[in-house]
file upload_7.tsv (TSV, C-alpha atoms)
chain	number	residue	atom	x	y	z
A	1	MET	CA	-4.06	-14.81	16.23
A	2	SER	CA	-0.39	-13.85	15.90
A	3	VAL	CA	1.08	-10.62	17.15
A	4	THR	CA	1.65	-9.54	13.57
A	5	GLU	CA	-1.96	-10.20	12.63
A	6	GLU	CA	-3.19	-8.29	15.66
A	7	SER	CA	-0.85	-5.42	14.93
A	8	ARG	CA	-1.84	-5.08	11.32
A	9	GLY	CA	-4.59	-2.75	12.50
A	10	ALA	CA	-1.90	-0.28	13.64
A	11	THR	CA	-1.45	2.86	11.61
A	12	GLY	CA	1.67	4.23	13.31
A	13	PRO	CA	4.71	3.24	15.37
A	14	PRO	CA	4.40	2.64	19.15
A	15	LEU	CA	5.51	5.56	21.32
A	16	SER	CA	8.36	3.55	22.85
A	17	VAL	CA	9.77	2.75	19.40
A	18	SER	CA	9.50	6.39	18.34
A	19	ALA	CA	11.27	7.46	21.55
A	20	ALA	CA	14.17	5.09	20.88
A	21	ALA	CA	14.47	6.38	17.32
A	22	PHE	CA	14.38	9.95	18.66
A	23	VAL	CA	17.35	9.28	20.98
A	24	SER	CA	19.32	7.58	18.20
A	25	SER	CA	18.74	10.59	15.95
A	26	PHE	CA	19.67	13.04	18.70
A	27	ASP	CA	22.98	11.29	19.26
A	28	ARG	CA	23.74	11.11	15.54
A	29	PHE	CA	23.16	14.78	14.74
A	30	ALA	CA	24.45	16.43	17.90
A	31	VAL	CA	28.04	16.31	16.69
A	32	SER	CA	27.80	18.79	13.79
A	33	PRO	CA	27.83	22.04	15.84
A	34	LEU	CA	30.55	20.56	18.10
A	35	LEU	CA	33.21	19.83	15.51
A	36	VAL	CA	34.95	23.20	15.61
A	37	LEU	CA	34.74	23.41	19.43
A	38	VAL	CA	36.17	19.91	19.86
A	39	ALA	CA	38.98	20.71	17.42
A	40	VAL	CA	39.92	23.82	19.40
A	41	ASP	CA	39.61	22.14	22.80
A	42	LEU	CA	41.68	19.09	21.83
A	43	GLY	CA	44.14	21.03	19.68
A	44	ALA	CA	43.41	19.16	16.45
A	45	PRO	CA	42.76	20.37	12.86
A	46	LEU	CA	39.17	20.30	11.62
A	47	ALA	CA	39.99	17.65	8.99
A	48	GLN	CA	41.06	15.22	11.75
A	49	THR	CA	38.17	16.16	14.03
A	50	LEU	CA	35.70	15.33	11.24
A	51	ALA	CA	36.63	11.69	11.88
A	52	ILE	CA	34.29	11.94	14.88
A	53	ALA	CA	31.39	12.29	12.43
A	54	SER	CA	32.66	10.14	9.55
A	55	GLY	CA	33.79	7.36	11.93
A	56	TYR	CA	30.35	7.38	13.56
A	57	PHE	CA	28.59	7.15	10.19
A	58	LEU	CA	30.94	4.45	8.93
A	59	ALA	CA	30.47	2.31	12.04
A	60	TYR	CA	26.74	2.95	11.85
A	61	GLY	CA	26.75	1.75	8.26
A	62	ILE	CA	28.99	-1.32	8.35
A	63	SER	CA	27.25	-2.70	11.44
A	64	GLN	CA	23.87	-2.81	9.70
A	65	PRO	CA	24.07	-6.29	8.12
A	66	LEU	CA	24.84	-7.73	11.56
A	67	TRP	CA	21.86	-5.97	13.17
A	68	GLY	CA	19.55	-7.07	10.36
A	69	VAL	CA	20.53	-10.73	10.70
A	70	LEU	CA	20.24	-10.60	14.50
A	71	SER	CA	16.89	-8.83	14.21
A	72	ASP	CA	15.49	-11.52	11.91
A	73	ARG	CA	16.93	-14.22	14.13
A	74	PHE	CA	16.26	-13.03	17.71
A	75	GLY	CA	13.60	-10.33	17.45
A	76	ARG	CA	13.19	-6.60	16.93
A	77	VAL	CA	12.45	-5.51	20.49
A	78	ARG	CA	15.12	-7.67	22.12
A	79	LEU	CA	17.76	-6.28	19.77
A	80	MET	CA	16.76	-2.64	20.32
A	81	ARG	CA	16.92	-3.00	24.11
A	82	ALA	CA	20.37	-4.61	24.09
A	83	ALA	CA	21.73	-2.07	21.61
A	84	LEU	CA	20.45	0.87	23.67
A	85	VAL	CA	22.29	-0.33	26.77
A	86	ALA	CA	25.53	-0.80	24.79
A	87	ALA	CA	25.11	2.61	23.13
A	88	ALA	CA	24.65	4.24	26.54
A	89	THR	CA	27.98	2.77	27.65
A	90	ALA	CA	29.74	4.11	24.54
A	91	GLY	CA	28.11	7.50	25.07
A	92	ALA	CA	29.48	7.68	28.60
A	93	ALA	CA	32.95	6.82	27.28
A	94	SER	CA	32.60	9.67	24.75
A	95	ALA	CA	31.78	12.15	27.49
A	96	PHE	CA	34.94	11.25	29.44
A	97	ALA	CA	37.32	10.79	26.47
A	98	PRO	CA	40.71	12.36	27.32
A	99	ASP	CA	41.92	12.84	23.73
A	100	LEU	CA	40.77	12.87	20.11
A	101	THR	CA	41.74	9.25	19.37
A	102	THR	CA	39.74	7.94	22.32
A	103	LEU	CA	36.81	10.15	21.37
A	104	ILE	CA	36.82	8.89	17.77
A	105	ILE	CA	36.82	5.27	18.96
A	106	ALA	CA	34.07	5.89	21.51
A	107	ARG	CA	31.91	7.70	18.95
A	108	ALA	CA	32.42	4.89	16.44
A	109	CYS	CA	31.20	2.40	19.06
A	110	ALA	CA	28.21	4.62	19.82
A	111	GLY	CA	27.45	4.81	16.11
A	112	ALA	CA	27.60	1.04	15.76
A	113	PHE	CA	25.18	0.42	18.64
A	114	PHE	CA	22.82	3.33	18.02
A	115	GLY	CA	22.87	2.13	14.42
A	116	ALA	CA	20.69	-0.82	15.42
A	117	ILE	CA	17.78	1.38	16.51
A	118	VAL	CA	16.35	3.21	13.49
A	119	PRO	CA	16.53	0.34	10.95
A	120	THR	CA	15.06	-2.07	13.50
A	121	ALA	CA	12.31	0.45	14.25
A	122	LEU	CA	11.62	0.70	10.52
A	123	THR	CA	11.47	-3.07	10.30
A	124	TYR	CA	9.08	-3.16	13.26
A	125	VAL	CA	6.74	-0.78	11.42
A	126	GLY	CA	7.08	-2.91	8.28
A	127	ASP	CA	6.11	-5.97	10.33
A	128	THR	CA	3.14	-4.43	12.10
A	129	VAL	CA	1.57	-1.88	9.72
A	130	SER	CA	-0.23	-2.80	6.52
A	131	ASP	CA	0.96	-1.70	3.08
A	132	THR	CA	-1.83	0.87	2.87
A	133	HIS	CA	-0.71	2.76	5.96
A	134	ARG	CA	3.01	2.03	5.86
A	135	GLN	CA	4.40	5.16	4.19
A	136	PRO	CA	2.43	7.52	6.49
A	137	ALA	CA	3.49	5.38	9.48
A	138	LEU	CA	7.12	5.60	8.42
A	139	ALA	CA	6.66	9.34	8.00
A	140	ASP	CA	5.39	9.49	11.61
A	141	LEU	CA	8.49	7.63	12.75
A	142	MET	CA	10.63	10.03	10.74
A	143	ALA	CA	8.91	12.94	12.48
A	144	ALA	CA	10.12	11.59	15.82
A	145	ILE	CA	13.58	11.22	14.32
A	146	ALA	CA	13.36	14.77	13.01
A	147	VAL	CA	12.52	16.12	16.46
A	148	GLY	CA	15.70	14.46	17.69
A	149	THR	CA	17.61	15.99	14.81
A	150	ALA	CA	16.24	19.48	15.40
A	151	LEU	CA	16.82	19.42	19.15
A	152	ALA	CA	20.31	17.98	18.72
A	153	THR	CA	21.48	20.60	16.24
A	154	ALA	CA	19.81	23.43	18.20
A	155	LEU	CA	20.78	22.42	21.73
A	156	ALA	CA	24.21	20.94	21.07
A	157	GLY	CA	25.76	24.26	20.14
A	158	ILE	CA	24.08	26.07	23.05
A	159	VAL	CA	25.10	23.49	25.66
A	160	ALA	CA	28.65	23.25	24.30
A	161	ASP	CA	29.03	27.03	24.13
A	162	LEU	CA	27.59	27.73	27.59
A	163	ALA	CA	28.85	24.65	29.43
A	164	ASP	CA	30.88	21.83	27.87
A	165	TRP	CA	30.67	19.78	24.67
A	166	ARG	CA	31.07	16.60	26.75
A	167	LEU	CA	27.59	17.07	28.22
A	168	VAL	CA	26.15	16.74	24.73
A	169	PHE	CA	27.47	13.18	24.51
A	170	ALA	CA	26.32	12.32	28.04
A	171	LEU	CA	22.65	13.26	27.52
A	172	PRO	CA	21.78	10.59	24.88
A	173	SER	CA	23.51	8.02	27.07
A	174	VAL	CA	21.09	8.70	29.91
A	175	LEU	CA	18.08	8.79	27.58
A	176	ALA	CA	19.09	5.47	25.97
A	177	VAL	CA	18.89	3.70	29.32
A	178	GLY	CA	15.39	5.10	29.84
A	179	CYS	CA	14.31	3.91	26.38
A	180	ALA	CA	15.63	0.41	27.05
A	181	PHE	CA	13.30	0.21	30.04
A	182	GLY	CA	10.45	1.74	28.05
A	183	LEU	CA	10.59	-1.06	25.45
A	184	ARG	CA	10.05	-3.79	28.07
A	185	GLY	CA	6.29	-4.02	27.56
A	186	LEU	CA	6.39	-4.12	23.75
A	187	ARG	CA	5.60	-7.50	22.19
A	188	GLU	CA	7.63	-9.03	19.42
A	189	PRO	CA	6.09	-9.31	15.95
A	190	GLN	CA	5.86	-12.83	14.62
A	191	ARG	CA	8.73	-13.72	12.29
A	192	ASP	CA	9.92	-16.72	10.36
A	193	GLY	CA	12.95	-17.99	12.26
A	194	ARG	CA	13.29	-21.11	10.16
A	195	THR	CA	15.27	-19.51	7.35
A	196	GLY	CA	19.01	-19.74	7.97
A	197	VAL	CA	21.18	-16.67	8.29
A	198	LEU	CA	23.21	-17.37	5.15
A	199	ARG	CA	20.09	-18.16	3.15
A	200	THR	CA	18.47	-14.88	4.21
A	201	VAL	CA	21.52	-12.82	3.26
A	202	ALA	CA	21.91	-14.69	-0.01
A	203	ASP	CA	18.27	-14.06	-0.92
A	204	ALA	CA	18.75	-10.35	-0.28
A	205	LEU	CA	21.94	-10.09	-2.32
A	206	ARG	CA	20.43	-12.03	-5.23
A	207	SER	CA	17.54	-9.60	-5.55
A	208	ARG	CA	18.18	-7.07	-8.30
A	209	TRP	CA	15.80	-4.56	-6.78
A	210	VAL	CA	17.30	-4.86	-3.30
A	211	LEU	CA	20.70	-4.02	-4.77
A	212	ILE	CA	19.31	-1.10	-6.77
A	213	VAL	CA	17.50	0.47	-3.80
A	214	ILE	CA	20.46	0.12	-1.44
A	215	GLY	CA	22.66	1.65	-4.15
A	216	LEU	CA	20.33	4.63	-4.34
A	217	ALA	CA	20.44	4.85	-0.54
A	218	PHE	CA	24.26	5.07	-0.65
A	219	VAL	CA	24.14	8.06	-2.98
A	220	GLU	CA	21.35	9.67	-0.96
A	221	GLY	CA	23.41	9.25	2.21
A	222	ALA	CA	26.40	10.98	0.67
A	223	VAL	CA	24.39	13.81	-0.89
A	224	VAL	CA	21.91	14.47	1.92
A	225	LEU	CA	23.31	13.33	5.29
A	226	GLY	CA	27.01	13.65	4.48
A	227	ILE	CA	26.74	17.21	3.20
A	228	LEU	CA	24.17	18.15	5.86
A	229	THR	CA	26.87	17.49	8.48
A	230	LEU	CA	29.01	20.20	6.88
A	231	LEU	CA	26.45	23.01	6.90
A	232	ALA	CA	27.36	24.08	10.44
A	233	PRO	CA	31.14	24.07	9.79
A	234	ALA	CA	30.50	26.06	6.59
A	235	LEU	CA	28.77	28.76	8.63
A	236	GLN	CA	31.45	28.66	11.32
A	237	SER	CA	34.08	29.21	8.64
A	238	ARG	CA	32.28	32.49	7.92
A	239	GLY	CA	32.59	33.59	11.55
A	240	VAL	CA	29.21	32.36	12.82
A	241	GLY	CA	29.39	30.90	16.35
A	242	ALA	CA	28.46	27.37	17.37
A	243	VAL	CA	25.08	28.50	18.73
A	244	GLY	CA	24.12	30.32	15.52
A	245	ALA	CA	25.36	27.48	13.30
A	246	GLY	CA	23.46	24.93	15.35
A	247	LEU	CA	20.23	26.91	15.29
A	248	ALA	CA	20.48	27.46	11.53
A	249	THR	CA	20.99	23.78	10.75
A	250	ALA	CA	18.20	22.87	13.19
A	251	ALA	CA	15.88	24.09	10.44
A	252	TYR	CA	16.45	20.66	8.88
A	253	GLY	CA	14.54	19.01	11.69
A	254	ILE	CA	11.79	21.60	11.46
A	255	GLY	CA	11.57	20.93	7.72
A	256	VAL	CA	11.17	17.21	8.32
A	257	ILE	CA	8.53	17.73	11.01
A	258	VAL	CA	6.46	20.04	8.82
A	259	THR	CA	6.73	18.14	5.54
A	260	SER	CA	6.32	14.69	7.14
A	261	ARG	CA	2.84	15.86	8.23
A	262	LEU	CA	2.05	16.28	4.53
A	263	VAL	CA	3.09	12.78	3.50
A	264	ARG	CA	-0.07	11.09	4.79
A	265	GLY	CA	-2.30	13.20	2.55
A	266	LEU	CA	0.04	13.51	-0.42
A	267	SER	CA	0.71	9.76	-0.60
A	268	ARG	CA	-2.98	9.27	-1.38
A	269	ARG	CA	-2.98	11.90	-4.14
A	270	PHE	CA	0.41	11.45	-5.80
A	271	SER	CA	2.41	8.46	-6.95
A	272	MET	CA	5.63	7.47	-5.24
A	273	PRO	CA	7.74	8.63	-8.22
A	274	GLY	CA	6.06	12.03	-7.91
A	275	LEU	CA	6.99	12.31	-4.22
A	276	MET	CA	10.54	11.19	-5.05
A	277	ALA	CA	10.85	13.87	-7.72
A	278	ALA	CA	9.66	16.60	-5.35
A	279	GLY	CA	12.07	15.53	-2.62
A	280	GLY	CA	15.07	15.23	-4.89
A	281	MET	CA	14.51	18.57	-6.57
A	282	ALA	CA	14.27	20.25	-3.16
A	283	ALA	CA	17.81	19.10	-2.37
A	284	ALA	CA	19.16	20.19	-5.76
A	285	LEU	CA	17.64	23.66	-5.44
A	286	GLY	CA	18.82	24.06	-1.85
A	287	TYR	CA	22.43	23.17	-2.58
A	288	ALA	CA	22.44	25.42	-5.65
A	289	LEU	CA	21.34	28.31	-3.44
A	290	VAL	CA	23.97	27.77	-0.74
A	291	ALA	CA	26.64	27.28	-3.42
A	292	LEU	CA	26.01	30.88	-4.48
A	293	HIS	CA	26.39	32.26	-0.96
A	294	VAL	CA	26.98	30.70	2.49
A	295	SER	CA	25.09	32.65	5.16
A	296	PRO	CA	22.69	31.88	8.02
A	297	ALA	CA	19.74	32.69	5.74
A	298	THR	CA	20.81	30.40	2.89
A	299	VAL	CA	21.73	27.59	5.30
A	300	ILE	CA	18.30	27.84	6.93
A	301	VAL	CA	16.65	27.59	3.50
A	302	VAL	CA	18.74	24.61	2.37
A	303	ALA	CA	18.18	22.87	5.72
A	304	LEU	CA	14.41	23.30	5.35
A	305	LEU	CA	14.55	21.97	1.79
A	306	LEU	CA	16.64	18.97	2.89
A	307	GLY	CA	13.90	18.29	5.42
A	308	ALA	CA	11.47	18.03	2.52
A	309	THR	CA	13.92	15.74	0.72
A	310	TRP	CA	14.00	13.45	3.73
A	311	SER	CA	10.20	13.35	4.04
A	312	PHE	CA	9.41	12.81	0.37
A	313	LEU	CA	12.41	11.07	-1.20
A	314	HIS	CA	13.77	9.14	1.75
A	315	SER	CA	10.40	7.98	3.10
A	316	SER	CA	9.61	6.68	-0.40
A	317	LEU	CA	12.86	4.73	-0.55
A	318	GLN	CA	12.20	3.35	2.94
A	319	THR	CA	8.69	2.25	2.01
A	320	TRP	CA	10.03	0.66	-1.16
A	321	ILE	CA	12.72	-1.35	0.63
A	322	THR	CA	10.30	-2.74	3.23
A	323	ALA	CA	8.22	-4.31	0.46
A	324	VAL	CA	10.89	-5.75	-1.85
A	325	LEU	CA	11.68	-8.95	0.11
A	326	PRO	CA	9.22	-9.36	3.03
A	327	HIS	CA	10.59	-12.68	4.36
A	328	ALA	CA	14.00	-11.06	4.92
A	329	ARG	CA	12.76	-7.60	5.85
A	330	GLY	CA	15.13	-7.11	8.79
A	331	THR	CA	18.18	-8.02	6.75
A	332	VAL	CA	17.11	-5.96	3.75
A	333	VAL	CA	16.28	-2.84	5.78
A	334	SER	CA	19.59	-3.11	7.62
A	335	LEU	CA	21.47	-3.32	4.32
A	336	PHE	CA	19.56	-0.24	3.19
A	337	ALA	CA	20.45	1.67	6.36
A	338	GLY	CA	24.05	0.48	6.22
A	339	SER	CA	24.39	1.69	2.66
A	340	LEU	CA	22.78	5.02	3.57
A	341	PHE	CA	25.24	5.74	6.36
A	342	ALA	CA	28.24	4.37	4.54
A	343	GLY	CA	27.36	6.95	1.91
A	344	SER	CA	27.09	9.54	4.68
A	345	ALA	CA	30.62	8.74	5.83
A	346	VAL	CA	31.94	9.11	2.28
A	347	GLY	CA	30.08	12.38	1.77
A	348	ALA	CA	31.30	13.84	5.07
A	349	THR	CA	34.89	12.75	4.43
A	350	VAL	CA	35.13	14.02	0.84
A	351	GLY	CA	33.16	17.14	1.62
A	352	GLY	CA	35.21	17.78	4.75
A	353	ALA	CA	38.41	17.81	2.74
A	354	LEU	CA	36.96	20.43	0.38
A	355	GLY	CA	35.61	22.43	3.31
A	356	ASP	CA	38.95	22.36	5.11
A	357	ASP	CA	40.40	24.06	2.01
A	358	GLY	CA	37.57	26.61	2.02
A	359	ARG	CA	36.10	25.36	-1.27
A	360	TRP	CA	32.49	25.54	-0.13
A	361	THR	CA	31.15	26.77	-3.47
A	362	LEU	CA	32.61	23.77	-5.28
A	363	LEU	CA	31.34	21.39	-2.60
A	364	PHE	CA	27.73	22.60	-2.66
A	365	GLY	CA	27.73	22.98	-6.46
A	366	VAL	CA	28.74	19.35	-6.90
A	367	ALA	CA	26.15	18.34	-4.29
A	368	ALA	CA	23.44	20.13	-6.31
A	369	LEU	CA	24.37	18.27	-9.50
A	370	ALA	CA	24.55	14.94	-7.63
A	371	ALA	CA	21.10	15.54	-6.11
A	372	LEU	CA	19.65	16.25	-9.56
A	373	LEU	CA	21.16	13.06	-11.01
A	374	LEU	CA	19.96	11.03	-8.01
A	375	THR	CA	16.43	12.32	-8.55
A	376	VAL	CA	16.33	11.35	-12.22
A	377	VAL	CA	17.72	7.85	-11.64
A	378	THR	CA	15.49	7.18	-8.61
A	379	VAL	CA	12.27	8.18	-10.38
A	380	TRP	CA	13.21	6.11	-13.44
A	381	ALA	CA	14.07	3.07	-11.29
A	382	ARG	CA	10.83	3.25	-9.31
A	383	ARG	CA	8.71	3.50	-12.46
A	384	THR	CA	10.54	0.54	-13.95
A	385	TYR	CA	9.94	-1.46	-10.76
A	386	GLU	CA	6.24	-0.64	-10.74
A	387	SER	CA	5.97	-1.79	-14.35
A	388	SER	CA	7.78	-5.05	-13.56
A	389	VAL	CA	5.51	-6.00	-10.64
A	390	ARG	CA	2.20	-4.76	-12.12
A	391	PRO	CA	-0.16	-7.64	-12.93
A	392	ARG	CA	-0.46	-8.24	-16.64

call {"tool": "encode", "arguments": {"input": "upload_7.tsv", "output": "structure tokens"}}
result
Amino acid sequence: MSVTEESRGATGPPLSVSAAAFVSSFDRFAVSPLLVLVAVDLGAPLAQTLAIASGYFLAYGISQPLWGVLSDRFGRVRLMRAALVAAATAGAASAFAPDLTTLIIARACAGAFFGAIVPTALTYVGDTVSDTHRQPALADLMAAIAVGTALATALAGIVADLADWRLVFALPSVLAVGCAFGLRGLREPQRDGRTGVLRTVADALRSRWVLIVIGLAFVEGAVVLGILTLLAPALQSRGVGAVGAGLATAAYGIGVIVTSRLVRGLSRRFSMPGLMAAGGMAAALGYALVALHVSPATVIVVALLLGATWSFLHSSLQTWITAVLPHARGTVVSLFAGSLFAGSAVGATVGGALGDDGRWTLLFGVAALAALLLTVVTVWARRTYESSVRPR
């Protein structure tokens, strides 16, 4: 019996995989409460300092096709272990960066290597968990990611305010080394290594539904992750300190943790388009609220609602992409993740320019409209897909 066949009885991700995804998420979201502090410490304007976040997301995104191909070719576990060691090295370089340029480069490298972890973990779940249990299993993995998000946004501001922002970059580096060792005992799922790299990529890019879902992921990345990065700076522009801004935006992680617990039950009672609609509308309502007034209370509410968006809308898109082209799952999931974080980079960059000018109302108002449009298009696309694959 193959490893995949044995593992099909699994209903959730292994602890070691969840831990690696947790560390990747912690590293990715720790930067938001640090942006203003780094700008002041290094004597740079906020617009330039935002390149720490946008460069990370961009490197995270554009590296995805490479990780997907390598994952399909050499294995999920082997790739995650190597990437964790490389990410730890980049994290150490970030902690000791002497200037903004060096820090931007080091963070981009960390983004590229940590970028291998979550999509490969998603692919591992797709390989080892049956279709029936896959969306709840992905929601469990997202809960681990959300814990990393919540701790990062809550602790980063506290550590940076009480000690030094450089320690925030050093911590994930140490944890990544521990995770690399923790993955040693995990067996590789069986995969088809006979298909050539170019053939796998070509199959993915020829699939209409692969292209549609990764396009939706790009918009979701810009609207959800890109704008989420700017919630803390928006509060800080109103005089809230790094600790308060970090704690307020940490509500996002709490929202994901709470609502991801609901996915297992709701996925049995509601269709995927229904979950998508609920998640998308949560984002639209949240951004509309914070567009009216930026305060700790409204940021906490929008962060909680974005957590629901991530659990309902994003988990649905993730489940969808793992099933579209199973023989090239690693490549397809990596394209999905790459598109998501490329969109994040665009959202953070465009939104950062508006935020630097103090136009927060315009920024969050546009985000609300974009979230509403994304919801309508996503629900329509999923219903069309289900009609196209339903047996006649």

call {"tool": "residues_near_point", "arguments": {"input": "upload_7.tsv", "point": "(23.3, 0.8, 31.8)", "cutoff": "10 Å", "atoms": "only C-alpha atoms", "output": "PyMOL selection string"}}
result
chain A and resi 82+84-89+92+173-174+176-178+180

call {"tool": "closest_atom_pairs", "arguments": {"input": "upload_7.tsv", "of": "range 101-217 of chain A", "to": "range 32-37 of chain A", "cutoff": "10 Å", "atoms": "only C-alpha atoms", "output": "JSON lines"}}
result
{"residue": "A:Ala152", "atom": "CA", "partner": "A:Ser32", "partner_atom": "CA", "distance": 9.0}
{"residue": "A:Thr153", "atom": "CA", "partner": "A:Pro33", "partner_atom": "CA", "distance": 6.5}
{"residue": "A:Ala154", "atom": "CA", "partner": "A:Pro33", "partner_atom": "CA", "distance": 8.5}
{"residue": "A:Leu155", "atom": "CA", "partner": "A:Pro33", "partner_atom": "CA", "distance": 9.2}
{"residue": "A:Ala156", "atom": "CA", "partner": "A:Pro33", "partner_atom": "CA", "distance": 6.5}
{"residue": "A:Gly157", "atom": "CA", "partner": "A:Pro33", "partner_atom": "CA", "distance": 5.3}
{"residue": "A:Ile158", "atom": "CA", "partner": "A:Pro33", "partner_atom": "CA", "distance": 9.1}
{"residue": "A:Val159", "atom": "CA", "partner": "A:Leu34", "partner_atom": "CA", "distance": 9.8}
{"residue": "A:Ala160", "atom": "CA", "partner": "A:Leu34", "partner_atom": "CA", "distance": 7.0}
{"residue": "A:Asp161", "atom": "CA", "partner": "A:Leu37", "partner_atom": "CA", "distance": 8.2}
{"residue": "A:Asp164", "atom": "CA", "partner": "A:Leu37", "partner_atom": "CA", "distance": 9.4}
{"residue": "A:Trp165", "atom": "CA", "partner": "A:Leu34", "partner_atom": "CA", "distance": 6.6}
{"residue": "A:Arg166", "atom": "CA", "partner": "A:Leu34", "partner_atom": "CA", "distance": 9.5}
{"residue": "A:Val168", "atom": "CA", "partner": "A:Leu34", "partner_atom": "CA", "distance": 8.8}

call {"tool": "residues_around", "arguments": {"input": "upload_7.tsv", "residues": "range 44-53 of chain A", "least_positions_apart": "6", "cutoff": "10 Å", "atoms": "only C-alpha atoms", "output": "ChimeraX atom specification"}}
result
/A:28-32,34-38,99-101,103-108,111,226,229-230,233,344-345,348-349,352-357

call {"tool": "closest_residue", "arguments": {"input": "upload_7.tsv", "among": "A:Leu275, A:Ser54, A:Leu235, A:Leu70", "to": "Thr298 in chain A", "atoms": "only C-alpha atoms"}}
result
A:Leu235

call {"tool": "atom_distance", "arguments": {"input": "upload_7.tsv", "atom1": "CA of Leu262 in chain A", "atom2": "CA of Phe341 in chain A"}}
result
25.5 Å

call {"tool": "residues_around", "arguments": {"input": "upload_7.tsv", "residues": "Phe364 in chain A", "least_positions_apart": "3", "cutoff": "10 Å", "atoms": "only C-alpha atoms", "output": "JSON, numbers by chain"}}
result
{"A": [223, 227, 230, 231, 284, 286, 287, 288, 289, 290, 291, 292, 293, 294, 351, 354, 355, 359, 360, 361, 367, 368, 369, 370]}

call {"tool": "atom_distance", "arguments": {"input": "upload_7.tsv", "atom1": "CA of Arg382 in chain A", "atom2": "CA of Thr123 in chain A"}}
result
20.6 Å

call {"tool": "atom_distance", "arguments": {"input": "upload_7.tsv", "atom1": "CA of Gly253 in chain A", "atom2": "CA of Gly307 in chain A"}}
result
6.3 Å

call {"tool": "closest_residue", "arguments": {"input": "upload_7.tsv", "among": "A:Gly365, A:Leu373, A:Leu325, A:Phe336", "to": "Arg206 in chain A", "atoms": "all atoms listed in the file"}}
result
A:Leu325

call {"tool": "closest_residue", "arguments": {"input": "upload_7.tsv", "among": "A:Val301, A:Leu266, A:Trp209, A:Ala163", "to": "Ala250 in chain A", "atoms": "only C-alpha atoms"}}
result
A:Val301

call {"tool": "closest_residue", "arguments": {"input": "upload_7.tsv", "among": "A:Leu225, A:Leu313, A:Val240, A:Ala337", "to": "Pro273 in chain A", "atoms": "only C-alpha atoms"}}
result
A:Leu313

call {"tool": "closest_residue", "arguments": {"input": "upload_7.tsv", "among": "A:Gln236, A:Thr128, A:Thr375, A:Ser388", "to": "Pro13 in chain A", "atoms": "only C-alpha atoms"}}
result
A:Thr128

call {"tool": "closest_atom_pairs", "arguments": {"input": "upload_7.tsv", "of": "range 183-262 of chain A", "to": "range 317-322 of chain A", "cutoff": "9 Å", "atoms": "all atoms listed in the file", "output": "tab-separated table"}}
result
residue	atom	partner	partner_atom	distance
A:Trp209	CA	A:Ile321	CA	8.6
A:Val210	CA	A:Ile321	CA	7.0
A:Val213	CA	A:Ile321	CA	6.8
A:Ile214	CA	A:Ile321	CA	8.1
A:Leu216	CA	A:Leu317	CA	8.4
A:Ala217	CA	A:Leu317	CA	7.6

call {"tool": "axis_aligned_box", "arguments": {"input": "upload_7.tsv", "around": "range 133-142 of chain A", "padding_each_side": "4 Å", "output": "AutoDock Vina command-line options"}}
result
--center_x 5.0 --center_y 6.0 --center_z 8.5 --size_x 19.3 --size_y 16.0 --size_z 16.6

call {"tool": "residues_near_point", "arguments": {"input": "upload_7.tsv", "point": "(20.4, -6.3, 1.8)", "cutoff": "9 Å", "atoms": "only C-alpha atoms", "output": "PyMOL selection string"}}
result
chain A and resi 65+68+201-205+207+210-211+214+328-336+338-339

call {"tool": "decode", "arguments": {"input": "upload_7.tsv", "residues": "range 347-371 of chain A", "atoms": "C-alpha atoms", "output": "PDB file, in the first residue's frame"}}
result
ATOM      1  CA  GLY A 347      -2.598  45.829  -2.578  1.00  0.00           C
ATOM      2  CA  ALA A 348       0.012  46.859   0.005  1.00  0.00           C
ATOM      3  CA  THR A 349       1.871  49.061  -2.490  1.00  0.00           C
ATOM      4  CA  VAL A 350      -1.181  50.869  -3.887  1.00  0.00           C
ATOM      5  CA  GLY A 351      -2.820  51.105  -0.490  1.00  0.00           C
ATOM      6  CA  GLY A 352       0.414  52.294   1.104  1.00  0.00           C
ATOM      7  CA  ALA A 353       0.616  55.206  -1.303  1.00  0.00           C
ATOM      8  CA  LEU A 354      -2.921  56.276  -0.366  1.00  0.00           C
ATOM      9  CA  GLY A 355      -2.181  55.778   3.324  1.00  0.00           C
ATOM     10  CA  ASP A 356       1.006  57.832   3.118  1.00  0.00           C
ATOM     11  CA  ASP A 357      -1.185  60.702   1.879  1.00  0.00           C
ATOM     12  CA  GLY A 358      -3.652  60.127   4.718  1.00  0.00           C
ATOM     13  CA  ARG A 359      -6.468  59.039   2.388  1.00  0.00           C
ATOM     14  CA  TRP A 360      -7.622  56.154   4.559  1.00  0.00           C
ATOM     15  CA  THR A 361     -11.327  56.687   3.880  1.00  0.00           C
ATOM     16  CA  LEU A 362     -10.785  56.387   0.134  1.00  0.00           C
ATOM     17  CA  LEU A 363      -8.566  53.329   0.581  1.00  0.00           C
ATOM     18  CA  PHE A 364     -11.005  51.368   2.735  1.00  0.00           C
ATOM     19  CA  GLY A 365     -14.019  52.502   0.688  1.00  0.00           C
ATOM     20  CA  VAL A 366     -12.461  51.152  -2.502  1.00  0.00           C
ATOM     21  CA  ALA A 367     -11.513  47.955  -0.649  1.00  0.00           C
ATOM     22  CA  ALA A 368     -15.164  47.485   0.388  1.00  0.00           C
ATOM     23  CA  LEU A 369     -16.382  47.808  -3.211  1.00  0.00           C
ATOM     24  CA  ALA A 370     -13.634  45.472  -4.463  1.00  0.00           C
ATOM     25  CA  ALA A 371     -14.571  42.870  -1.824  1.00  0.00           C
TER      26      ALA A 371
END
